[in-house]
Structure formats: C-alpha cells, structure tokens
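**Student:** Okay, so here is structure16.tsv, and as you'll see once you scroll down, it has TSV, C-alpha atoms and all ligand atoms.
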```tsv
chain	number	residue	atom	x	y	z
A	1	MET	CA	34.84	62.82	-14.34
A	2	ILE	CA	35.33	59.02	-14.33
A	3	GLU	CA	32.93	57.34	-16.77
A	4	LYS	CA	31.95	54.38	-14.62
A	5	ILE	CA	32.61	53.89	-10.93
A	6	THR	CA	33.75	50.36	-10.18
A	7	VAL	CA	34.68	48.55	-6.97
A	8	PRO	CA	38.47	49.00	-7.55
A	9	GLU	CA	37.85	52.68	-8.33
A	10	ILE	CA	36.25	53.16	-4.88
A	11	VAL	CA	39.38	51.69	-3.26
A	12	LYS	CA	41.62	53.92	-5.39
A	13	MET	CA	39.67	57.00	-4.31
A	14	LYS	CA	40.87	56.41	-0.75
A	15	GLN	CA	44.44	55.97	-1.98
A	16	ARG	CA	44.16	59.28	-3.87
A	17	GLY	CA	42.63	60.99	-0.83
A	18	GLU	CA	39.38	61.73	-2.72
A	19	LYS	CA	36.20	61.77	-0.64
A	20	ILE	CA	33.55	59.21	-1.63
A	21	THR	CA	29.90	60.27	-1.92
A	22	CYS	CA	27.10	57.81	-1.27
A	23	LEU	CA	23.34	58.27	-1.02
A	24	THR	CA	20.53	55.77	-0.79
A	25	ALA	CA	18.25	55.27	-3.79
A	26	TYR	CA	15.24	53.02	-4.09
A	27	ASP	CA	13.75	53.76	-7.50
A	28	TYR	CA	14.49	54.70	-11.12
A	29	SER	CA	13.72	58.44	-10.94
A	30	PHE	CA	15.87	59.12	-7.89
A	31	ALA	CA	18.67	56.92	-9.24
A	32	ARG	CA	18.78	59.01	-12.43
A	33	ILE	CA	18.89	62.30	-10.55
A	34	LEU	CA	21.60	61.19	-8.09
A	35	ASP	CA	23.65	59.54	-10.84
A	36	GLU	CA	23.50	62.62	-13.09
A	37	ALA	CA	24.48	64.78	-10.08
A	38	GLY	CA	27.70	62.74	-9.81
A	39	ILE	CA	27.13	60.67	-6.65
A	40	ASP	CA	29.69	57.82	-6.58
A	41	ILE	CA	27.70	55.05	-4.86
A	42	LEU	CA	23.94	54.45	-4.94
A	43	LEU	CA	23.09	52.30	-1.93
A	44	VAL	CA	19.81	50.42	-2.15
A	45	GLY	CA	19.53	50.41	1.61
A	46	ASP	CA	17.17	48.26	3.64
A	47	SER	CA	16.22	51.64	5.16
A	48	LEU	CA	13.59	51.42	2.41
A	49	GLY	CA	11.64	49.41	5.00
A	50	CYS	CA	11.15	52.64	6.97
A	51	VAL	CA	11.13	55.44	4.39
A	52	VAL	CA	9.36	53.63	1.50
A	53	GLN	CA	7.31	50.91	3.19
A	54	GLY	CA	6.47	52.77	6.42
A	55	ARG	CA	7.67	49.99	8.70
A	56	GLU	CA	8.96	50.52	12.25
A	57	ASN	CA	12.47	49.23	11.46
A	58	THR	CA	14.43	47.38	8.76
A	59	LEU	CA	13.81	43.84	10.05
A	60	PRO	CA	10.74	42.96	7.92
A	61	VAL	CA	12.45	43.81	4.60
A	62	THR	CA	12.75	40.74	2.35
A	63	LEU	CA	15.26	39.71	-0.29
A	64	ASP	CA	12.50	40.02	-2.92
A	65	ASP	CA	11.91	43.63	-1.80
A	66	MET	CA	15.63	44.33	-2.25
A	67	ILE	CA	15.71	42.71	-5.69
A	68	TYR	CA	12.67	44.72	-6.82
A	69	HIS	CA	14.14	48.09	-5.73
A	70	THR	CA	17.67	47.30	-6.90
A	71	ARG	CA	16.41	46.49	-10.41
A	72	ALA	CA	14.72	49.89	-10.60
A	73	VAL	CA	17.84	51.71	-9.37
A	74	VAL	CA	20.12	49.88	-11.82
A	75	ARG	CA	17.87	50.98	-14.71
A	76	GLY	CA	18.35	54.61	-13.66
A	77	ARG	CA	22.12	54.76	-13.27
A	78	LYS	CA	24.92	55.06	-15.78
A	79	ARG	CA	28.01	56.01	-13.74
A	80	ALA	CA	27.51	55.23	-10.05
A	81	LEU	CA	28.33	51.92	-8.35
A	82	VAL	CA	25.12	50.21	-7.20
A	83	VAL	CA	25.40	48.45	-3.84
A	84	ALA	CA	22.41	46.46	-2.53
A	85	ASP	CA	21.80	45.79	1.14
A	86	MET	CA	21.36	42.20	2.24
A	87	PRO	CA	18.25	42.15	4.43
A	88	PHE	CA	17.95	40.61	7.89
A	89	LEU	CA	18.33	36.80	7.90
A	90	SER	CA	19.37	36.63	4.25
A	91	TYR	CA	23.06	36.05	5.14
A	92	GLN	CA	23.38	35.15	8.85
A	93	VAL	CA	22.17	31.54	8.72
A	94	SER	CA	25.09	30.08	6.72
A	95	LYS	CA	27.84	31.06	4.32
A	96	GLU	CA	26.08	29.10	1.58
A	97	GLN	CA	22.85	31.04	2.16
A	98	ALA	CA	24.80	34.32	2.04
A	99	VAL	CA	26.49	33.42	-1.27
A	100	GLN	CA	23.23	32.29	-2.82
A	101	ASN	CA	21.27	35.37	-1.78
A	102	ALA	CA	24.02	37.82	-2.67
A	103	GLY	CA	24.24	35.99	-5.99
A	104	ARG	CA	20.55	36.76	-6.61
A	105	LEU	CA	21.20	40.46	-6.00
A	106	LEU	CA	24.00	40.39	-8.58
A	107	GLN	CA	22.34	38.06	-11.11
A	108	GLU	CA	18.66	39.02	-10.96
A	109	ALA	CA	18.94	42.66	-9.91
A	110	ARG	CA	22.34	43.49	-11.45
A	111	ALA	CA	23.79	45.06	-8.29
A	112	GLU	CA	27.57	45.39	-8.48
A	113	ALA	CA	28.21	44.77	-4.77
A	114	VAL	CA	26.27	43.93	-1.62
A	115	LYS	CA	26.38	45.34	1.90
A	116	LEU	CA	25.90	43.33	5.07
A	117	GLU	CA	25.97	44.21	8.75
A	118	GLY	CA	28.34	42.75	11.34
A	119	GLY	CA	32.06	42.39	12.00
A	120	VAL	CA	33.79	39.46	13.69
A	121	ALA	CA	30.73	37.21	13.26
A	122	MET	CA	30.67	37.89	9.52
A	123	ARG	CA	34.39	37.64	8.69
A	124	ASP	CA	34.28	34.08	7.27
A	125	THR	CA	31.05	34.77	5.40
A	126	ILE	CA	32.57	37.86	3.78
A	127	MET	CA	35.66	35.79	2.91
A	128	LYS	CA	33.57	33.13	1.18
A	129	MET	CA	31.54	35.70	-0.74
A	130	THR	CA	34.65	37.57	-1.82
A	131	GLU	CA	36.35	34.33	-2.91
A	132	VAL	CA	33.52	33.59	-5.34
A	133	GLY	CA	33.66	37.10	-6.79
A	134	ILE	CA	30.99	38.97	-4.84
A	135	PRO	CA	32.23	42.39	-3.69
A	136	VAL	CA	31.12	43.06	-0.12
A	137	MET	CA	30.75	46.34	1.72
A	138	GLY	CA	30.84	45.83	5.49
A	139	HIS	CA	28.80	47.80	8.06
A	140	VAL	CA	29.87	48.10	11.71
A	141	GLY	CA	29.04	50.22	14.77
A	142	LEU	CA	25.33	51.01	15.00
A	143	THR	CA	23.96	48.24	12.82
A	144	PRO	CA	20.18	48.78	12.53
A	145	GLN	CA	19.38	45.07	12.07
A	146	SER	CA	20.62	44.57	15.67
A	147	ILE	CA	18.28	47.24	17.09
A	148	HIS	CA	16.71	44.83	19.60
A	149	ARG	CA	20.12	43.70	20.91
A	150	PHE	CA	21.21	47.33	21.33
A	151	GLY	CA	17.87	48.32	22.91
A	152	GLY	CA	17.31	51.06	20.30
A	153	TYR	CA	19.33	53.18	17.88
A	154	LYS	CA	22.23	53.75	20.29
A	155	ILE	CA	25.65	55.17	19.48
A	156	GLN	CA	28.21	52.34	19.66
A	157	GLY	CA	31.85	52.38	20.80
A	158	LYS	CA	31.47	54.80	23.69
A	159	GLY	CA	33.09	52.96	26.65
A	160	LYS	CA	36.43	51.10	26.54
A	161	ILE	CA	34.86	47.65	26.06
A	162	GLN	CA	32.47	48.81	23.33
A	163	ARG	CA	35.25	50.75	21.64
A	164	GLU	CA	37.41	47.63	21.46
A	165	ALA	CA	34.47	45.65	20.08
A	166	VAL	CA	33.94	48.17	17.25
A	167	TRP	CA	37.68	48.05	16.51
A	168	ARG	CA	37.60	44.25	16.30
A	169	ASP	CA	34.59	44.38	13.99
A	170	ALA	CA	36.20	46.90	11.64
A	171	LEU	CA	39.43	44.88	11.42
A	172	ALA	CA	37.50	41.65	10.85
A	173	VAL	CA	35.56	43.15	7.97
A	174	GLU	CA	38.81	44.20	6.29
A	175	GLU	CA	40.39	40.79	6.96
A	176	GLY	CA	37.36	39.10	5.40
A	177	GLY	CA	38.08	40.94	2.16
A	178	SER	CA	35.48	43.73	2.08
A	179	PHE	CA	36.28	46.53	-0.36
A	180	ALA	CA	34.77	49.22	1.92
A	181	VAL	CA	32.98	49.53	5.24
A	182	VAL	CA	30.17	51.71	6.55
A	183	LEU	CA	30.93	53.13	10.01
A	184	GLU	CA	27.61	54.09	11.58
A	185	GLY	CA	26.78	55.88	14.84
A	186	MET	CA	30.08	56.06	16.70
A	187	PRO	CA	32.31	58.77	18.24
A	188	LYS	CA	34.13	60.73	15.57
A	189	ASP	CA	37.59	60.08	17.07
A	190	LEU	CA	37.02	56.32	16.94
A	191	ALA	CA	35.91	56.53	13.29
A	192	ALA	CA	38.94	58.70	12.49
A	193	GLU	CA	41.33	56.16	14.07
A	194	ILE	CA	39.72	53.26	12.22
A	195	THR	CA	39.86	55.22	8.95
A	196	GLY	CA	43.57	55.87	9.49
A	197	ARG	CA	44.30	52.21	10.20
A	198	LEU	CA	42.24	50.43	7.51
A	199	SER	CA	43.42	50.27	3.91
A	200	ILE	CA	39.84	49.96	2.65
A	201	PRO	CA	37.63	53.09	2.48
A	202	THR	CA	35.33	53.92	5.37
A	203	ILE	CA	31.95	55.46	4.58
A	204	GLY	CA	30.58	57.32	7.58
A	205	ILE	CA	27.06	58.02	8.79
A	206	GLY	CA	26.98	59.65	12.19
A	207	ALA	CA	30.73	58.97	12.45
A	208	GLY	CA	32.31	62.38	11.91
A	209	ALA	CA	34.11	64.06	9.04
A	210	GLN	CA	37.32	62.02	8.97
A	211	CYS	CA	35.83	58.99	7.21
A	212	ASP	CA	36.85	58.45	3.58
A	213	GLY	CA	33.30	59.10	2.44
A	214	GLN	CA	29.82	59.93	3.71
A	215	VAL	CA	26.42	58.35	3.23
A	216	LEU	CA	22.94	59.65	4.06
A	217	VAL	CA	19.44	58.31	3.54
A	218	ILE	CA	18.05	60.36	0.64
A	219	HIS	CA	14.61	60.84	2.25
A	220	ASP	CA	16.30	62.28	5.37
A	221	MET	CA	18.62	64.72	3.60
A	222	LEU	CA	15.85	66.01	1.34
A	223	GLY	CA	13.32	66.41	4.16
A	224	LEU	CA	10.93	63.84	2.68
A	225	PHE	CA	10.85	61.63	5.78
A	226	GLN	CA	10.26	63.55	8.97
A	227	ASP	CA	8.93	60.89	11.38
A	228	PHE	CA	12.24	61.19	13.22
A	229	THR	CA	15.51	62.91	12.30
A	230	PRO	CA	18.76	61.65	13.84
A	231	LYS	CA	21.33	64.26	14.97
A	232	PHE	CA	23.73	63.26	12.18
A	233	VAL	CA	21.29	64.16	9.40
A	234	LYS	CA	21.75	67.48	7.66
A	235	ARG	CA	18.61	68.52	5.81
A	236	TYR	CA	19.73	69.96	2.47
A	237	ALA	CA	16.18	70.64	1.23
A	238	ASP	CA	12.61	70.69	2.48
A	239	LEU	CA	10.93	68.59	-0.19
A	240	LYS	CA	8.03	67.82	2.10
A	241	GLY	CA	7.30	71.55	2.10
A	242	VAL	CA	7.77	71.83	-1.67
A	243	ILE	CA	5.49	68.84	-2.33
A	244	THR	CA	2.82	70.02	0.10
A	245	THR	CA	2.65	73.45	-1.59
A	246	ALA	CA	2.49	71.90	-5.07
A	247	VAL	CA	-0.21	69.41	-4.08
A	248	LYS	CA	-2.31	72.09	-2.37
A	249	ASP	CA	-1.99	74.33	-5.46
A	250	PHE	CA	-3.18	71.44	-7.65
A	251	ALA	CA	-6.16	70.70	-5.37
A	252	ARG	CA	-7.17	74.39	-5.22
A	253	GLU	CA	-6.92	74.80	-9.01
A	254	VAL	CA	-9.02	71.67	-9.62
A	255	ARG	CA	-11.68	72.87	-7.19
A	256	GLU	CA	-11.67	76.35	-8.76
A	257	GLN	CA	-11.74	74.80	-12.28
A	258	LYS	CA	-8.45	76.51	-13.20
A	259	PHE	CA	-6.72	73.24	-14.04
A	260	PRO	CA	-6.57	71.91	-16.69
A	261	GLY	CA	-6.26	75.13	-18.73
A	262	GLU	CA	-6.50	75.45	-22.50
A	263	GLU	CA	-2.76	74.70	-22.82
A	264	HIS	CA	-3.25	71.29	-21.15
A	265	SER	CA	-6.33	70.36	-23.21
A	266	PHE	CA	-6.81	68.84	-26.70
A	267	LYS	CA	-8.99	70.34	-29.44
B	301	LIG	O1	19.93	50.92	4.93
B	301	LIG	C1	20.61	51.94	4.76
B	301	LIG	O2	20.16	52.93	4.15
B	301	LIG	C2	21.95	51.95	5.30
B	301	LIG	C3	22.68	53.26	5.34
B	301	LIG	C4	22.06	54.18	6.30
B	301	LIG	C5	24.13	53.08	5.59
B	301	LIG	O3	22.45	50.95	5.70
```
Could you write out this file's structure as structure tokens?
Ligand code: KIV
**Tutor:**
Amino acid sequence: MIEKITVPEIVKMKQRGEKITCLTAYDYSFARILDEAGIDILLVGDSLGCVVQGRENTLPVTLDDMIYHTRAVVRGRKRALVVADMPFLSYQVSKEQAVQNAGRLLQEARAEAVKLEGGVAMRDTIMKMTEVGIPVMGHVGLTPQSIHRFGGYKIQGKGKIQREAVWRDALAVEEGGSFAVVLEGMPKDLAAEITGRLSIPTIGIGAGAQCDGQVLVIHDMLGLFQDFTPKFVKRYADLKGVITTAVKDFAREVREQKFPGEEHSFK
C-alpha cells in the first residue's frame, strides 16, 4: 500500500484505473480508524453542520469550525489525503477572500487541499487558488450550499437544460485547475459521461458506480445519523443500535451496582 496519499497520487489513481475511496471525518478518533482502514481521502465536510452540530443545513458552518475539525482530523491521519471543505461565503465574495481563507485551512489546520462548491461561477477562483499552490477539489451537481436556490436537496441534471448546466460546471472546474471533482446527486449516465470525458478524477455521491471514486458521510454509512437517509446512502453498520445497547447496559449495571466491579477498582 502507498505510504502517503498525495494530490498527484489521487490523479494517478484515475490513470491507473484504481477506484478512490473517500469518507468524511470530523475528529481525531474517526480519522485514525478510517486512515488505518486504508481510506484514501478524509474529507472534513461542512456536513459536520448537520451530523455534528445538529443544524438544519450546512449554511451556518464557519471557517473557524472547519479549522477546528480539520486540525483534529490531521492529528489522526498518517496516510490519507486530508481535504477540508470551504464553508458558505468563505470563497464566493472574491478570489482574494478565497485564497486567504483556503490559505488558513492549509496553514493553520494543515489540510492538504480544499473543496468548494460551484462550477462556471468558480472557474477563475479555482484558477487563482491553484496558481498560488492551493490544490482544489471541485463539487458540482447537487451542491448543498445552494439548497435554497434548488428549493431542497433535489437531484440535478435531469432535463436537457439542467444536464447541459451540470456539464458546463464539470468542464469549468477542470479548466480552472481542480485536481478532482465531487459529482453529487445526478443521474448515473450523466456522471458516467462526465467521468469518461474529464482527465481529473470524479468522486461520486448519489451519482452511480461509474465515477472514479465514491464518498459517503461517515455518520450516514455507519447508521449514527438517522434524522434522514438519502436513497444513495448504504448503511454498512448500525452504530446507533450498538451504542444504544452499550449505553443501556452501562445504565442498568450502575443502577444495579454491578459496575464498577472489583477489576475496575483500586485497592
Ligand atoms: O460536506 C460533505 O460532507 C460533502 C460530501 C457529502 C461530498 O461535501
């Protein structure tokens, strides 16, 4: 196994036809587990707004929140590439603002790349960031920071006009100089076509199996967050169930004075 995943290594994985694995991580303990399990990219997603902070959507997440969580993830990983999401309004106001804020994620939090949402509108910003040495992962299709414009978490690229718009966005992100792009919430044939056309890797979420890699939110795939479960999520474990049983066992044993036992006590 490769010792350290770097940005160029992610691009080479596409060239070698190797699938790229990506999961979100928001803290040290999870980062260690995912890294030791061999996940290629740890994405400190602004989804932490929902699954960690209990907010309705990702819009209230701040740059300081992202720096705090990214620092913890970086401390837990040895091999994986750490990509930090740029939160809403931390990169859309100007190219200068985008460079400065992405710079904080690299300098203060030690992320190795950043991710931002948007296609055509972000091309020049991505170009500027890339020029100064900041690796950028794009994100097109269903971009959660645009939830109010979409009127909800709606699959993008369904009709002819929308399909062309997603195409334009994907091409713009590559033109800007991104090293990879997340394709979220779109028909699988559209994602497959885009994947075939782009030279940079596509990382899919709700975009079918033909993408170069796949990403899921860790709380969704482990069954930790069950407020709502999108169709594209496969639940690989029921940690909510495991935790509930463990916590109930603890509470019962405390009430019945079975915990702590002799083996957990000091003489
Ligand atoms: O915020 C996030 O976790 C994401 C992934 C779902 C791609 O952007």
**Student:** Would you give the centre and edge lengths, in Å to one decimal, of a box along x, y and z around the listed atoms of segment 77-87 of chain A, with 4 Å added to each side, as lines of an AutoDock Vina configuration file?
**Tutor:**
```
center_x = 23.3
center_y = 49.1
center_z = -5.7
size_x = 18.1
size_y = 21.9
size_z = 28.2
```
**Student:** Pick the closest to ligand LIG 301 (chain B) from A:Met1, A:Val182, A:Val132, A:Met66: which is it, counting only C-alpha atoms and all ligand atoms?
**Tutor:**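 When distances to ligand LIG 301 (chain B) are compared using only C-alpha atoms and all ligand atoms, the smallest one comes from A:Val182.
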**Student:** Taking only C-alpha atoms and all ligand atoms into account, produce a table as CSV in which each residue of chain A with an atom at most 9 Å from an atom of ligand LIG 301 (chain B) appears once, together with its shortest atom pair and the distance in Å to one decimal, ordered by chain and rising number.
**Tutor:**
```
residue,atom,partner,partner_atom,distance
A:Cys22,CA,B:LIG301,C5,8.8
A:Leu23,CA,B:LIG301,O2,8.1
A:Thr24,CA,B:LIG301,O2,5.7
A:Ala25,CA,B:LIG301,O2,8.5
A:Leu43,CA,B:LIG301,O2,6.8
A:Val44,CA,B:LIG301,O2,6.8
A:Gly45,CA,B:LIG301,O1,3.4
A:Asp46,CA,B:LIG301,O1,4.0
A:Ser47,CA,B:LIG301,O1,3.8
A:Leu48,CA,B:LIG301,O1,6.8
A:Gly49,CA,B:LIG301,O1,8.4
A:Thr58,CA,B:LIG301,O1,7.6
A:Asp85,CA,B:LIG301,O1,6.6
A:Pro87,CA,B:LIG301,O1,8.9
A:Lys115,CA,B:LIG301,O3,7.8
A:Leu116,CA,B:LIG301,O3,8.4
A:Glu117,CA,B:LIG301,O3,8.2
A:His139,CA,B:LIG301,C5,7.5
A:Thr143,CA,B:LIG301,O3,7.8
A:Pro144,CA,B:LIG301,O3,7.5
A:Val182,CA,B:LIG301,C5,6.3
A:Leu183,CA,B:LIG301,C5,8.1
A:Glu184,CA,B:LIG301,C5,7.0
A:Ile203,CA,B:LIG301,C5,8.2
A:Gly204,CA,B:LIG301,C5,8.0
A:Ile205,CA,B:LIG301,C5,6.6
A:Val215,CA,B:LIG301,C5,6.2
A:Leu216,CA,B:LIG301,C4,6.0
A:Val217,CA,B:LIG301,O2,5.5
A:Ile218,CA,B:LIG301,O2,8.5
```
**Student:** May I ask for the distance between atom CA of Leu59 of chain A and atom CA of Leu198 of chain A, given in Å to one decimal place?
**Tutor:**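 Calculated distance between atom CA of Leu59 of chain A and atom CA of Leu198 of chain A is 29.3 Å.
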**Student:** Need the shell around Lys19 of chain A: protein/DNA/RNA residues with any atom at most 10 Å away, counting all atoms listed in the file. Skip same-chain ones fewer than 5 positions apart. Format as a list in words?
**Tutor:**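 Once the nearby chain positions are removed, what remains is Ile10, Met13, Lys14, Asp40, Pro201, Thr202, Ile203, Gln210, Cys211, Asp212, Gly213 and Gln214 of chain A.
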**Student:** So that I have them on file, write out the residues from the current selection with C-alpha atoms, as a PDB file, in the frame of the given file.
**Tutor:**
```pdb
ATOM      1  CA  ILE A  10      36.250  53.160  -4.880  1.00  0.00           C
ATOM      2  CA  MET A  13      39.670  57.000  -4.310  1.00  0.00           C
ATOM      3  CA  LYS A  14      40.870  56.410  -0.750  1.00  0.00           C
ATOM      4  CA  ASP A  40      29.690  57.820  -6.580  1.00  0.00           C
ATOM      5  CA  PRO A 201      37.630  53.090   2.480  1.00  0.00           C
ATOM      6  CA  THR A 202      35.330  53.920   5.370  1.00  0.00           C
ATOM      7  CA  ILE A 203      31.950  55.460   4.580  1.00  0.00           C
ATOM      8  CA  GLN A 210      37.320  62.020   8.970  1.00  0.00           C
ATOM      9  CA  CYS A 211      35.830  58.990   7.210  1.00  0.00           C
ATOM     10  CA  ASP A 212      36.850  58.450   3.580  1.00  0.00           C
ATOM     11  CA  GLY A 213      33.300  59.100   2.440  1.00  0.00           C
ATOM     12  CA  GLN A 214      29.820  59.930   3.710  1.00  0.00           C
TER      13      GLN A 214
END
```
**Student:** Excluding same-chain residues fewer than 5 positions from Ala72 of chain A, what lies within 12 Å of it counting all atoms listed in the file, as a list in words?
**Tutor:** Ala25, Tyr26, Asp27, Tyr28, Ser29, Phe30, Ala31, Arg32, Leu42, Val44, Asp65, Met66, Ile67, Arg77, Val82, Ala84, Glu108, Ala109, Arg110 and Ala111 of chain A
**Student:** So what do you get for atom CA of Gly133 of chain A versus atom CA of Val11 of chain A, distance-wise?
**Tutor:** 16.1 Å
**Student:** Which of these, A:Glu112, A:Glu256, A:Asp227, A:Glu56, has the shortest distance to Ile147 of chain A once you count all atoms listed in the file?
**Tutor:**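 The answer is A:Glu56, which sits nearest to Ile147 of chain A.
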**Student:** Please report the interatomic distance between atom CA of Ala113 of chain A and atom CA of Pro135 of chain A in Å with one decimal.
**Tutor:** 4.8 Å
